[in-house]
Amino acid sequence: MTEQAVQQAVVPSRRQASAVVRFWRRYQSVIREVFSHLVLVPLAIIFMIPFFWMVSTSLKPDTQIFLWPPVWIPKPFMWSNYPEALSFIPFWAYVKNTLVIAFFAIVGALFSCPPVAYSFSRIPWAGRDTLFMMTIATMMLPYQVTMIPLFIIFSRVGWVGTYLPLIVPHFFGGAFYIFLLRQFFMTIPAELTDAARIDGASELRIYSQLILPLSKPALATITLFEFLARWRDFLGPLIYLNTPEKYTISLGLQMYRMEHSTEWALLMAASIVLTAPVIILYFFVQRTFIQGITLTGLKGV
Amino acid sequence: MVKKTPTKQRIVPNPPMMEAKPAGALKIAFWSPASQQDVSGGEKLYLLTDRFNEKHEGELYVEYVFTPTTAGTQMVEKLMTNIAAGTPPEAAYFDRFIVPSWAAEGSLTDITELAAQAGIKEDDYFPFAWQEATWQGQLYALPFDTDDRALYYNKAHFEEAGLDPDEKAFPTSIEEFDAMAEKLTIKEGPRFKRMGFIPWSGQGWLYSYGWTWGGHFYDPDTLEVTFNDPKIVAACEWLLSYADKYGIENVESFAQAFGGEAQQPMMADLLSMEYNGDWMITQFKRWGPDINYGVVPMPWPEGGRAATWAGGWSVVIPKGAPNLEAGWEFISWMGAPEQVHWFCKETSHIPTQTAHAEDPVYVEDPHHKVFMDLLPVANCRPPLPVGNYLWNAQVEARDLIIHGQKTPQEAMDDITEEANKQMEKYL
Amino acid sequence: MRMFSLETLRVSRIARRNLFYGVLFASPWLLGIILFIAYPVVASLYYSFTEYSVLNPVKKFVGLSNYTNLIFKDDVFRRSLYNSVYYAVFSIPLGIIVGVGIAMMLNMKIKGQAVYRTIYFLPVLIPDVAMAILWIWVFNSQYGIVNTLLWQLFHIQGPGWLASPKWSKPTVILMSLWTVGQAVVTYLASLQDVPQSLYDAAEVDGANALQKTWHVTIPMITPVIFFNLIMGIIGSLQYFTIAYVITGGDGRPGQSLFFYAMYLYRNAFAFFKMGVASAQAWILFIVVLIATLVVFRTSARWVYYGGEEAR
């Protein structure tokens with residue numbers, strides 16, 4: 001609001017170069033910054049509520065879990081919930097298993113999805129648009145009805161009980177990432193690739209030396225999403241893994257659930273510990289979001 | 001408010017499932033949705049499995065595989081998927097009331113003969129447990145533990161409201177009970193501070209009240225579903241009367257505070273009376289050790305009776321398991337009275353075998369005695385292939401009735417019609 | 001004549017070259033479709049014409065009756081479809097507006113940018129189960145924070161939220177905004193692709209901040225808005241977990257939170273009606289496909305592809 005009001009004041013008075021304009025020009029960045037914080041801080045508090053509540057529950061003694069109205073600041077802080085939560089289940093072993101799966105799945109996704117997206121966005125071939133629509137259509141059928149036939153395939157090849165069904169398909173593309181990358185590639189100016197083609201660059205070169213380097217934020221996004229997806233995947237590990245020592249952390253978290261109750265404090269403590277690596281990953285990913293495009297090739301566009 | 005500095009009673013078990021497996025022995029799997037970290041359940045199943053393995057060292061090794069479900073639902077995705085692919089485990093810990101459904105679909109091994117050879121007889125078990133384990137006269141599961149339901153009430157609240165907190169003085173007539181519930185309810189302006197009773201909290205399912213009102217949900221001779229029994233409809237009317245008396249939106253927003261398993265309304269002093277299962281005794285010890293409560297059978301109207309219903313688990317061999325003999329060796333050992341008894345003692349569950357149920361250990365706690373005394377009159381949910389449908393339908397109907405979207409008669413007629421239509425396939 | 005045929009020859013040579021590279025680059029995915037997608041999709045289509053319990057391998061062919069029963073005879077089916085469509089219609093546009101708005105703010109070069117970005121992303125990391133329970137508490141109409149604040153600040157008696165069949169769907173739609181962080185990440189990534197030169201050019205033309213946003217920033221991120229719109233249609237109609245946990249699976253109050261996927265799931269894994277569940281899945285497929293095609297049709301008018309323009 002403030003910003004708009006100032007802007008409106010600026011337009012008619014531009015010719016006169018009034019004091020308002022001079023003031024605005026001088027303090028523009030400060031005003032903008034203050035205004036931004038005024039909006040961002042209250043919103044940030046609202047977005048923090050779930051996390052704050054999780055931290056609070058993770059530190060609660062048993063008898064305060066069910067108090068109503070809920071207690072937001074536990075008394076005393078039960079720091080011991082944390083070591084207890086981590087020894088309650090084979091926490092680190094499950095984290096390691098999940099990381100192994102996530103690592104290979106990410107490698108697979110990064111290896112297989114970008115070329116397909118390149119084909120969909122940069123090479124005009126017959127049948128491309130049909131295949132692209134089909135790609136999107138594959139996401140429209142709920143997993144619940146394809147889960148069993150897919151399981152039967154993996155069961156026939158004897159992969160059930162191993163990590164292969166959870167990893168190998170990622171080396172053959174995923175509709176969600178292909179679509180996302182295609183959207184990104186579509187925004188890269190055509191002049192760039194056209195110019196390279198005229199210079200006689202091969203498709204492989206355009207792809208690997210032009211498109212990929214320009215798509216770092218998009219590739220980072222995919223890495224983050226795939227990591228999150230593997231971190232959370234429940235149904236996949238549930239149906240494909242048959243030995244407890246191979247389990248992933250999302251299955252492990254179910255162990256805090258008892259027959260008629262749940263170990264809320266421990267579950268929350270474990271969840272807090274688990275968010276840490278994702279926050280770290282997120283931090284690095286968002287750093288790729290700050291450079292902006294500063295490539296020389298784009299100067300003339 | 002809690003005055004004492006709380007201390008944890010929990011003993012942290014060492015994560016037991018990561019140990020090395022012995023080579024040489026025949027390996028089979030036991031799938032269970034009970035977390036082996038659950039000291040009041042799964043862990044004891046795990047320890048039993050372990051004991052079995054010690055006894056069979058070098059010949060047989062059973063791996064305890066925890067198989068959770070999506071968001072803790074009753075779906076059995078993993079087992080179903082594996083049965084479809086023809087790769088089920090040799091043994092599974094199985095919710096007993098769905099045994100007839102699975103048996104009718106041909107996915108459980110018929111163990112009638114094996115049980116007879118081993119001398120396992122119907123007479124050894126409570127009738128409800130045996131009924132649930134059979135379909136069309138054949139046995140498909142060995143009943144394991146059980147539970148049943150009764151009314152919990154907070155004695156301190158009774159004293160505050162000037163009511164007699166003694167169990168012996170508790171009324172058996174539903175009219176008197178309703179009046180008490182009203183007296184125990186405390187309003188603060190437009191909202192409730194505490195309610196005397198909410199029929200649909202805890203274990204307040206239609207089943208619970210249908211039997212108390214003297215109704216029959218199915219005919220055991222013709223296997224016809226009879227949800228529209230006038231007595232069951234009357235029980236629904238009674239549910240509706242609570243919705244009308246207290247205002248459904250007010251009650252629901254009050255009850256929302258303890259929706260699902262996230263809250264325990266009696267522990268939070270929000271509710272004076274609740275219909276719930278015997279397992280709450282353990283929960284009280286853990287979450288509300290200072291609450292002085294009593295347990296009585298649910299009061300009933302004229303034509304009704306002191307009733308309850310029992311659920312519980314069983315052990316089964318899924319159809320198509322690679323090694324039937326090993327599977328039977330294991331489940332017959334697990335399901336034997338000695339093991340069931342040990343499990344139940346350790347976890348405050350109730351055994352399904354009558355012989356051990358008389359053990360004094362189960363009646364030492366006066367609260368638990370109420371549940372034990374009710375067992376002989378306990379019902380089981382209709383042991384029909386549509387059992388799972390009926391369970392969901394009665395939950396849904398309760399919701400629609402109290403929100404005035406269906407009349408009790410309509411809701412019960414609809415379930416009856418749909419269930420009988422589905423039953424045609426199996427008869 | 002000669003010129004023309006040479007031209008066609010050249011065009012077809014390029015077309016063949018493009019076909020070769022197009023298929024080559026798409027080959028992992030083509031293989032993926034053949035290996036992991038084709039059979040399950042065909043199988044589920046076949047199931048939808050049968051009575052199939054999963055437990056029993058016998059699949060009895062019943063023609064279209066799974067479809068006709070659902071569409072013409074099943075009240076719960078209609079209600080669940082209505083609930084899901086309602087959810088989609090409101091949650092998708094709201095999610096896009098809020099997501100783009102937050103992304104723009106988080107893209108400004110201000111102090112604490114990385115911290116803000118992390119905070120707005122945090123709710124995405126909270127397990128669904130924990131999230132659901134928290135919302136039950138926050139939106140409790142008697143003691144929840146929302147109604148308490150409404151009363152203390154404005155003296156408004158807040159609604160029943162999750163306890164009221166009228167308010168329950170708006171409440172879960174509101175809740176869905178908390179996890180907008182995932183979409184924000186895609187917008188942020190996309191905002192990096194907006195060349196600075198465009199802003200510079202706009203500046204030269206005397207555009208103010210609002211005009212720059214509307215005429216430069218938004219058009220440049222329309223491809224990702226389009227992506228989130230399509231994924232929103234696909235995802236929101238399959239919405240399931242949070243509502244499942246909040247309502248214990250039965251969609252209370254008054255079935256107002258009984259969503260399409262909950263019914264499908266129940267038919268597949270609790271009622272042994274995989275045939276019916278598959279029919280439900282395929283009906284959903286058709287609904288989503290039509291909605292998606294409509295959006296695709298309109299996309300030429302509002303989605304700006306820098307990579308396509310010059311072609």
# chains A, B, ... in the order shown; residues from 1 in each chain; ligands from 1
>>> closest_atom_pairs(of="chain C", to="chain B", cutoff="8 Å", atoms="only C-alpha atoms", output="JSON lines")
{"residue": "C:Ser53", "atom": "CA", "partner": "B:Glu105", "partner_atom": "CA", "distance": 7.5}
{"residue": "C:Val54", "atom": "CA", "partner": "B:Ala84", "partner_atom": "CA", "distance": 5.6}
{"residue": "C:Leu55", "atom": "CA", "partner": "B:Ser107", "partner_atom": "CA", "distance": 5.6}
{"residue": "C:Asn56", "atom": "CA", "partner": "B:Glu105", "partner_atom": "CA", "distance": 5.4}
{"residue": "C:Pro57", "atom": "CA", "partner": "B:Ala84", "partner_atom": "CA", "distance": 6.8}
{"residue": "C:Val129", "atom": "CA", "partner": "B:Ala71", "partner_atom": "CA", "distance": 7.1}
{"residue": "C:Ile133", "atom": "CA", "partner": "B:Ala262", "partner_atom": "CA", "distance": 6.6}
{"residue": "C:Ile136", "atom": "CA", "partner": "B:Ala257", "partner_atom": "CA", "distance": 6.6}
{"residue": "C:Trp137", "atom": "CA", "partner": "B:Ala257", "partner_atom": "CA", "distance": 6.0}
{"residue": "C:Asn140", "atom": "CA", "partner": "B:Ala257", "partner_atom": "CA", "distance": 6.0}
{"residue": "C:Ser141", "atom": "CA", "partner": "B:Ser253", "partner_atom": "CA", "distance": 5.6}
{"residue": "C:Gln142", "atom": "CA", "partner": "B:Phe254", "partner_atom": "CA", "distance": 6.5}
{"residue": "C:Gly160", "atom": "CA", "partner": "B:Ser253", "partner_atom": "CA", "distance": 6.0}
{"residue": "C:Trp161", "atom": "CA", "partner": "B:Ser253", "partner_atom": "CA", "distance": 8.0}
{"residue": "C:Leu162", "atom": "CA", "partner": "B:Ser253", "partner_atom": "CA", "distance": 7.4}
{"residue": "C:Ala163", "atom": "CA", "partner": "B:Ser253", "partner_atom": "CA", "distance": 4.8}
{"residue": "C:Ser164", "atom": "CA", "partner": "B:Glu249", "partner_atom": "CA", "distance": 6.1}
{"residue": "C:Thr241", "atom": "CA", "partner": "B:Ala71", "partner_atom": "CA", "distance": 7.3}
{"residue": "C:Tyr244", "atom": "CA", "partner": "B:Ala71", "partner_atom": "CA", "distance": 7.8}
{"residue": "C:Val245", "atom": "CA", "partner": "B:Ala71", "partner_atom": "CA", "distance": 6.6}
{"residue": "C:Ile246", "atom": "CA", "partner": "B:Gly260", "partner_atom": "CA", "distance": 7.3}
{"residue": "C:Thr247", "atom": "CA", "partner": "B:Gly260", "partner_atom": "CA", "distance": 7.3}
{"residue": "C:Gly248", "atom": "CA", "partner": "B:Gly260", "partner_atom": "CA", "distance": 6.1}
{"residue": "C:Gly249", "atom": "CA", "partner": "B:Thr73", "partner_atom": "CA", "distance": 7.6}
{"residue": "C:Asp250", "atom": "CA", "partner": "B:Glu396", "partner_atom": "CA", "distance": 6.2}
{"residue": "C:Arg252", "atom": "CA", "partner": "B:Asp399", "partner_atom": "CA", "distance": 6.4}
{"residue": "C:Pro253", "atom": "CA", "partner": "B:Asp399", "partner_atom": "CA", "distance": 6.4}
{"residue": "C:Gly254", "atom": "CA", "partner": "B:Leu400", "partner_atom": "CA", "distance": 5.0}
{"residue": "C:Gln255", "atom": "CA", "partner": "B:Leu400", "partner_atom": "CA", "distance": 7.2}
{"residue": "C:Arg266", "atom": "CA", "partner": "B:Met75", "partner_atom": "CA", "distance": 7.8}
{"residue": "C:Phe269", "atom": "CA", "partner": "B:Met75", "partner_atom": "CA", "distance": 5.6}
{"residue": "C:Ala270", "atom": "CA", "partner": "B:Met75", "partner_atom": "CA", "distance": 5.7}
{"residue": "C:Phe271", "atom": "CA", "partner": "B:Tyr389", "partner_atom": "CA", "distance": 6.0}
>>> write_last_selection(atoms="N, CA and C atoms", output="mmCIF file, in the first residue's frame")
data_model
loop_
_atom_site.group_PDB
_atom_site.id
_atom_site.type_symbol
_atom_site.label_atom_id
_atom_site.label_comp_id
_atom_site.auth_asym_id
_atom_site.auth_seq_id
_atom_site.Cartn_x
_atom_site.Cartn_y
_atom_site.Cartn_z
ATOM 1 N N SER C 53 -11.139 -58.719 -6.414
ATOM 2 C CA SER C 53 -10.994 -58.426 -4.990
ATOM 3 C C SER C 53 -9.538 -58.299 -4.547
ATOM 4 N N VAL C 54 -8.593 -58.482 -5.463
ATOM 5 C CA VAL C 54 -7.160 -58.518 -5.170
ATOM 6 C C VAL C 54 -6.790 -59.807 -4.452
ATOM 7 N N LEU C 55 -7.540 -60.154 -3.385
ATOM 8 C CA LEU C 55 -7.220 -61.350 -2.613
ATOM 9 C C LEU C 55 -7.450 -62.589 -3.456
ATOM 10 N N ASN C 56 -8.496 -62.536 -4.269
ATOM 11 C CA ASN C 56 -8.842 -63.659 -5.100
ATOM 12 C C ASN C 56 -8.409 -63.348 -6.526
ATOM 13 N N PRO C 57 -7.552 -64.187 -7.110
ATOM 14 C CA PRO C 57 -7.020 -63.867 -8.443
ATOM 15 C C PRO C 57 -8.094 -63.852 -9.532
ATOM 16 N N VAL C 129 1.021 -36.211 9.474
ATOM 17 C CA VAL C 129 0.291 -36.585 10.681
ATOM 18 C C VAL C 129 0.401 -35.483 11.732
ATOM 19 N N ILE C 133 -2.774 -32.922 13.209
ATOM 20 C CA ILE C 133 -3.144 -32.769 14.617
ATOM 21 C C ILE C 133 -3.014 -31.322 15.050
ATOM 22 N N ILE C 136 -6.015 -29.385 13.913
ATOM 23 C CA ILE C 136 -7.203 -29.649 14.730
ATOM 24 C C ILE C 136 -7.183 -28.731 15.947
ATOM 25 N N TRP C 137 -6.019 -28.546 16.517
ATOM 26 C CA TRP C 137 -5.916 -27.708 17.713
ATOM 27 C C TRP C 137 -6.048 -26.225 17.376
ATOM 28 N N ASN C 140 -9.623 -25.359 16.509
ATOM 29 C CA ASN C 140 -10.693 -25.718 17.431
ATOM 30 C C ASN C 140 -11.535 -24.487 17.705
ATOM 31 N N SER C 141 -12.844 -24.659 17.577
ATOM 32 C CA SER C 141 -13.672 -23.449 17.603
ATOM 33 C C SER C 141 -13.821 -22.892 19.005
ATOM 34 N N GLN C 142 -13.546 -23.688 20.034
ATOM 35 C CA GLN C 142 -13.741 -23.176 21.380
ATOM 36 C C GLN C 142 -12.455 -22.623 21.989
ATOM 37 N N GLY C 160 -17.287 -22.726 13.353
ATOM 38 C CA GLY C 160 -16.927 -24.029 13.912
ATOM 39 C C GLY C 160 -15.747 -24.670 13.210
ATOM 40 N N TRP C 161 -15.243 -24.055 12.130
ATOM 41 C CA TRP C 161 -14.136 -24.615 11.353
ATOM 42 C C TRP C 161 -14.336 -26.094 11.056
ATOM 43 N N LEU C 162 -13.410 -26.925 11.556
ATOM 44 C CA LEU C 162 -13.463 -28.349 11.195
ATOM 45 C C LEU C 162 -14.671 -29.082 11.766
ATOM 46 N N ALA C 163 -15.340 -28.482 12.736
ATOM 47 C CA ALA C 163 -16.462 -29.163 13.359
ATOM 48 C C ALA C 163 -17.752 -28.921 12.598
ATOM 49 N N SER C 164 -17.720 -28.015 11.646
ATOM 50 C CA SER C 164 -18.956 -27.666 10.967
ATOM 51 C C SER C 164 -18.917 -28.129 9.520
ATOM 52 N N THR C 241 -4.161 -37.527 2.289
ATOM 53 C CA THR C 241 -3.586 -37.882 3.588
ATOM 54 C C THR C 241 -4.061 -37.015 4.752
ATOM 55 N N TYR C 244 -7.517 -37.538 5.669
ATOM 56 C CA TYR C 244 -7.658 -38.872 6.258
ATOM 57 C C TYR C 244 -7.309 -38.846 7.740
ATOM 58 N N VAL C 245 -6.212 -38.186 8.053
ATOM 59 C CA VAL C 245 -5.773 -38.166 9.449
ATOM 60 C C VAL C 245 -6.718 -37.312 10.294
ATOM 61 N N ILE C 246 -7.121 -36.158 9.767
ATOM 62 C CA ILE C 246 -7.995 -35.272 10.534
ATOM 63 C C ILE C 246 -9.305 -35.967 10.877
ATOM 64 N N THR C 247 -9.844 -36.716 9.925
ATOM 65 C CA THR C 247 -11.180 -37.266 10.122
ATOM 66 C C THR C 247 -11.163 -38.734 10.511
ATOM 67 N N GLY C 248 -9.974 -39.292 10.701
ATOM 68 C CA GLY C 248 -9.907 -40.714 11.024
ATOM 69 C C GLY C 248 -10.402 -41.572 9.868
ATOM 70 N N GLY C 249 -10.393 -41.030 8.665
ATOM 71 C CA GLY C 249 -10.735 -41.818 7.492
ATOM 72 C C GLY C 249 -12.196 -41.772 7.081
ATOM 73 N N ASP C 250 -13.069 -41.232 7.949
ATOM 74 C CA ASP C 250 -14.486 -41.298 7.580
ATOM 75 C C ASP C 250 -15.037 -39.978 7.038
ATOM 76 N N ARG C 252 -15.691 -37.085 8.384
ATOM 77 C CA ARG C 252 -16.635 -36.289 9.163
ATOM 78 C C ARG C 252 -16.194 -34.821 9.205
ATOM 79 N N PRO C 253 -17.012 -33.865 9.528
ATOM 80 C CA PRO C 253 -18.432 -34.036 9.908
ATOM 81 C C PRO C 253 -19.354 -34.152 8.700
ATOM 82 N N GLY C 254 -20.330 -34.992 8.853
ATOM 83 C CA GLY C 254 -21.344 -35.152 7.820
ATOM 84 C C GLY C 254 -20.762 -35.467 6.457
ATOM 85 N N GLN C 255 -19.673 -36.233 6.435
ATOM 86 C CA GLN C 255 -19.004 -36.619 5.175
ATOM 87 C C GLN C 255 -18.537 -35.418 4.358
ATOM 88 N N ARG C 266 -10.369 -46.737 0.021
ATOM 89 C CA ARG C 266 -11.149 -47.646 0.845
ATOM 90 C C ARG C 266 -11.679 -48.802 0.011
ATOM 91 N N PHE C 269 -8.506 -51.108 -0.811
ATOM 92 C CA PHE C 269 -7.759 -51.832 0.220
ATOM 93 C C PHE C 269 -8.555 -52.201 1.466
ATOM 94 N N ALA C 270 -9.812 -51.797 1.561
ATOM 95 C CA ALA C 270 -10.586 -52.243 2.724
ATOM 96 C C ALA C 270 -11.785 -53.062 2.280
ATOM 97 N N PHE C 271 -12.375 -52.705 1.153
ATOM 98 C CA PHE C 271 -13.603 -53.393 0.731
ATOM 99 C C PHE C 271 -13.374 -54.431 -0.353
#
>>> interface_residues(of="chain A", to="chain C", cutoff="7 Å", atoms="only C-alpha atoms", output="NGL selection string")
:A and (33 or 44 or 47-48 or 50-51 or 69 or 112 or 115-116 or 119 or 123-126 or 137 or 140-142 or 144-146 or 149-150 or 169 or 172-173 or 180 or 183-184 or 186-191 or 217-218 or 221 or 275 or 289 or 292-293)
>>> write_last_selection(atoms="N, CA and C atoms", output="CSV table (one decimal), in the first residue's frame")
chain,number,residue,atom,x,y,z
A,33,GLU,N,12.5,-1.9,1.7
A,33,GLU,CA,13.0,-2.9,2.6
A,33,GLU,C,12.2,-2.9,3.9
A,44,ALA,N,5.8,-14.8,8.4
A,44,ALA,CA,6.8,-15.8,8.8
A,44,ALA,C,6.4,-16.4,10.1
A,47,PHE,N,3.9,-19.0,9.4
A,47,PHE,CA,4.5,-20.1,8.8
A,47,PHE,C,5.3,-20.9,9.8
A,48,MET,N,5.7,-20.3,10.9
A,48,MET,CA,6.5,-20.9,11.9
A,48,MET,C,5.7,-21.8,12.9
A,50,PRO,N,3.6,-24.3,12.8
A,50,PRO,CA,3.7,-25.8,12.9
A,50,PRO,C,5.1,-26.2,13.4
A,51,PHE,N,6.1,-25.5,13.0
A,51,PHE,CA,7.4,-26.0,13.4
A,51,PHE,C,7.6,-25.7,14.9
A,69,PRO,N,-6.6,-26.4,27.3
A,69,PRO,CA,-5.9,-26.0,26.1
A,69,PRO,C,-4.5,-26.4,26.0
A,112,SER,N,18.3,-38.9,-16.1
A,112,SER,CA,17.3,-39.3,-17.1
A,112,SER,C,16.3,-38.2,-17.5
A,115,PRO,N,17.5,-34.8,-20.3
A,115,PRO,CA,17.5,-35.1,-21.8
A,115,PRO,C,16.1,-35.2,-22.4
A,116,VAL,N,15.2,-35.8,-21.6
A,116,VAL,CA,13.8,-36.0,-22.1
A,116,VAL,C,13.1,-34.6,-22.2
A,119,SER,N,14.4,-32.9,-25.2
A,119,SER,CA,13.7,-33.4,-26.4
A,119,SER,C,12.3,-32.8,-26.5
A,123,ILE,N,13.5,-29.9,-29.4
A,123,ILE,CA,13.6,-30.6,-30.7
A,123,ILE,C,12.2,-30.8,-31.2
A,124,PRO,N,11.9,-30.1,-32.3
A,124,PRO,CA,10.5,-30.3,-32.9
A,124,PRO,C,10.4,-31.6,-33.7
A,125,TRP,N,10.0,-32.7,-33.0
A,125,TRP,CA,9.9,-33.9,-33.8
A,125,TRP,C,8.5,-34.4,-33.8
A,126,ALA,N,8.2,-35.2,-34.8
A,126,ALA,CA,6.8,-35.7,-35.0
A,126,ALA,C,6.5,-36.6,-33.8
A,137,ALA,N,-0.3,-37.3,-18.7
A,137,ALA,CA,-1.4,-38.2,-18.4
A,137,ALA,C,-1.0,-39.3,-17.4
A,140,MET,N,-2.0,-38.8,-13.9
A,140,MET,CA,-3.5,-38.6,-13.6
A,140,MET,C,-4.1,-39.8,-13.0
A,141,LEU,N,-3.5,-41.0,-13.2
A,141,LEU,CA,-4.1,-42.2,-12.6
A,141,LEU,C,-3.6,-42.4,-11.2
A,142,PRO,N,-4.5,-42.4,-10.2
A,142,PRO,CA,-4.0,-42.6,-8.9
A,142,PRO,C,-3.1,-43.9,-8.7
A,144,GLN,N,-2.8,-45.9,-6.4
A,144,GLN,CA,-3.4,-47.0,-5.7
A,144,GLN,C,-3.8,-48.1,-6.6
A,145,VAL,N,-4.2,-47.8,-7.9
A,145,VAL,CA,-4.7,-48.8,-8.8
A,145,VAL,C,-3.6,-49.4,-9.7
A,146,THR,N,-2.4,-48.7,-9.7
A,146,THR,CA,-1.3,-49.3,-10.5
A,146,THR,C,-0.3,-49.9,-9.7
A,149,PRO,N,-0.3,-54.1,-10.0
A,149,PRO,CA,0.4,-54.6,-11.2
A,149,PRO,C,1.9,-54.3,-11.3
A,150,LEU,N,2.3,-53.1,-10.8
A,150,LEU,CA,3.7,-52.7,-10.8
A,150,LEU,C,4.5,-53.6,-9.9
A,169,PRO,N,13.6,-47.4,-11.3
A,169,PRO,CA,12.7,-46.6,-12.2
A,169,PRO,C,13.1,-45.1,-12.3
A,172,PHE,N,14.8,-44.0,-15.4
A,172,PHE,CA,14.0,-44.0,-16.7
A,172,PHE,C,13.0,-42.8,-16.7
A,173,GLY,N,13.4,-41.8,-16.0
A,173,GLY,CA,12.6,-40.5,-16.1
A,173,GLY,C,11.4,-40.6,-15.1
A,180,LEU,N,8.4,-30.4,-15.3
A,180,LEU,CA,9.0,-29.2,-14.7
A,180,LEU,C,10.2,-28.6,-15.5
A,183,GLN,N,9.3,-27.0,-18.7
A,183,GLN,CA,8.8,-25.6,-18.6
A,183,GLN,C,10.0,-24.7,-18.4
A,184,PHE,N,11.0,-25.1,-17.7
A,184,PHE,CA,12.2,-24.3,-17.5
A,184,PHE,C,12.9,-24.1,-18.9
A,186,MET,N,11.8,-24.2,-21.7
A,186,MET,CA,11.0,-23.5,-22.7
A,186,MET,C,11.3,-22.0,-22.5
A,187,THR,N,11.7,-21.6,-21.3
A,187,THR,CA,11.9,-20.1,-21.1
A,187,THR,C,13.3,-19.7,-21.6
A,188,ILE,N,14.1,-20.6,-21.9
A,188,ILE,CA,15.5,-20.2,-22.4
A,188,ILE,C,15.3,-19.7,-23.8
A,189,PRO,N,15.7,-18.5,-24.1
A,189,PRO,CA,15.5,-17.8,-25.4
A,189,PRO,C,15.9,-18.7,-26.6
A,190,ALA,N,15.1,-18.8,-27.6
A,190,ALA,CA,15.3,-19.7,-28.7
A,190,ALA,C,16.6,-19.2,-29.5
A,191,GLU,N,16.8,-17.9,-29.5
A,191,GLU,CA,17.9,-17.4,-30.2
A,191,GLU,C,19.2,-18.1,-29.9
A,217,PRO,N,19.4,-23.6,-11.3
A,217,PRO,CA,18.3,-23.5,-10.3
A,217,PRO,C,17.3,-24.6,-10.5
A,218,ALA,N,16.9,-25.0,-11.8
A,218,ALA,CA,15.9,-26.0,-12.0
A,218,ALA,C,16.4,-27.4,-11.5
A,221,THR,N,16.4,-27.6,-7.9
A,221,THR,CA,15.0,-27.8,-7.4
A,221,THR,C,14.6,-29.3,-7.5
A,275,THR,N,14.4,-33.1,10.0
A,275,THR,CA,14.2,-32.0,9.2
A,275,THR,C,15.6,-31.3,8.9
A,289,PHE,N,19.5,-19.7,-6.3
A,289,PHE,CA,18.4,-18.9,-6.7
A,289,PHE,C,18.8,-17.4,-6.6
A,292,GLY,N,20.8,-15.1,-10.6
A,292,GLY,CA,20.2,-14.6,-11.7
A,292,GLY,C,21.0,-14.9,-13.0
A,293,ILE,N,20.4,-14.6,-14.1
A,293,ILE,CA,21.1,-14.9,-15.3
A,293,ILE,C,22.1,-13.8,-15.7
>>> atom_distance(atom1="CA of Leu70 in chain C", atom2="CA of Arg381 in chain B")
27.7 Å
>>> atom_distance(atom1="CA of Trp302 in chain C", atom2="CA of Ile178 in chain A")
21.4 Å
>>> residues_around(residues="Val100 in chain A", least_positions_apart="5", cutoff="12 Å", atoms="only C-alpha atoms", output="ChimeraX atom specification")
/A:93-95,105-107,163-164,166-167,227,230-231,246-249
>>> select_by_dssp(residues="range 20-264 of chain C", states="helix (DSSP H, G or I)", output="PyMOL selection string")
chain C and resi 20-47+65-73+75-107+113-125+128-138+145-154+161-163+168-191+196-204+209-236+241-247+260-264
>>> select_by_dssp(residues="range 322-402 of chain B", states="strand (DSSP E or B)", output="count of residues only")
5
>>> atom_distance(atom1="CA of Gly99 in chain C", atom2="CA of Val184 in chain C")
5.3 Å
>>> residues_around(residues="range 277-293 of chain B", least_positions_apart="5", cutoff="7 Å", atoms="only C-alpha atoms", output="list in words")
Asp62 and Thr63 of chain A; Asp147, Asp148, Arg149, Ala150, Tyr152, Tyr153, Asn154, Lys155, Ala156, Gln203, Met267, His368 and Phe371 of chain B
>>> interface_residues(of="chain A", to="chain B", cutoff="7 Å", atoms="only C-alpha atoms", output="number ranges by chain")
A: 61-63, 66-68, 88-90, 148, 152, 155, 238-239, 242-245, 254-255, 258-259, 261
>>> residues_around(residues="Ile173 in chain C", least_positions_apart="3", cutoff="9 Å", atoms="only C-alpha atoms", output="PyMOL selection string")
chain C and resi 87-88+90-91+94+168-170+176-177
>>> write_last_selection(atoms="C-alpha atoms", output="compact mmCIF listing (two decimals), in the first residue's frame")
# COMPACT_ATOMS: atom_id res chain seq x y z
CA TYR C 87 -11.33 -28.44 -2.90
CA ALA C 88 -9.56 -28.16 -6.27
CA PHE C 90 -10.60 -23.06 -4.50
CA SER C 91 -7.25 -24.40 -3.37
CA LEU C 94 -5.44 -19.53 -3.95
CA SER C 168 -14.74 -27.81 7.09
CA LYS C 169 -13.77 -27.61 3.41
CA PRO C 170 -12.78 -23.92 3.54
CA SER C 176 -3.25 -26.22 2.24
CA LEU C 177 -1.72 -22.74 1.98
>>> decode(residues="range 198-202 of chain A", atoms="C-alpha atoms", output="compact mmCIF listing (two decimals), in the first residue's frame")
# COMPACT_ATOMS: atom_id res chain seq x y z
CA ILE A 198 23.73 -22.45 -37.13
CA ASP A 199 27.27 -22.60 -35.80
CA GLY A 200 27.05 -26.34 -36.31
CA ALA A 201 26.87 -27.41 -32.69
CA SER A 202 25.48 -30.90 -32.18
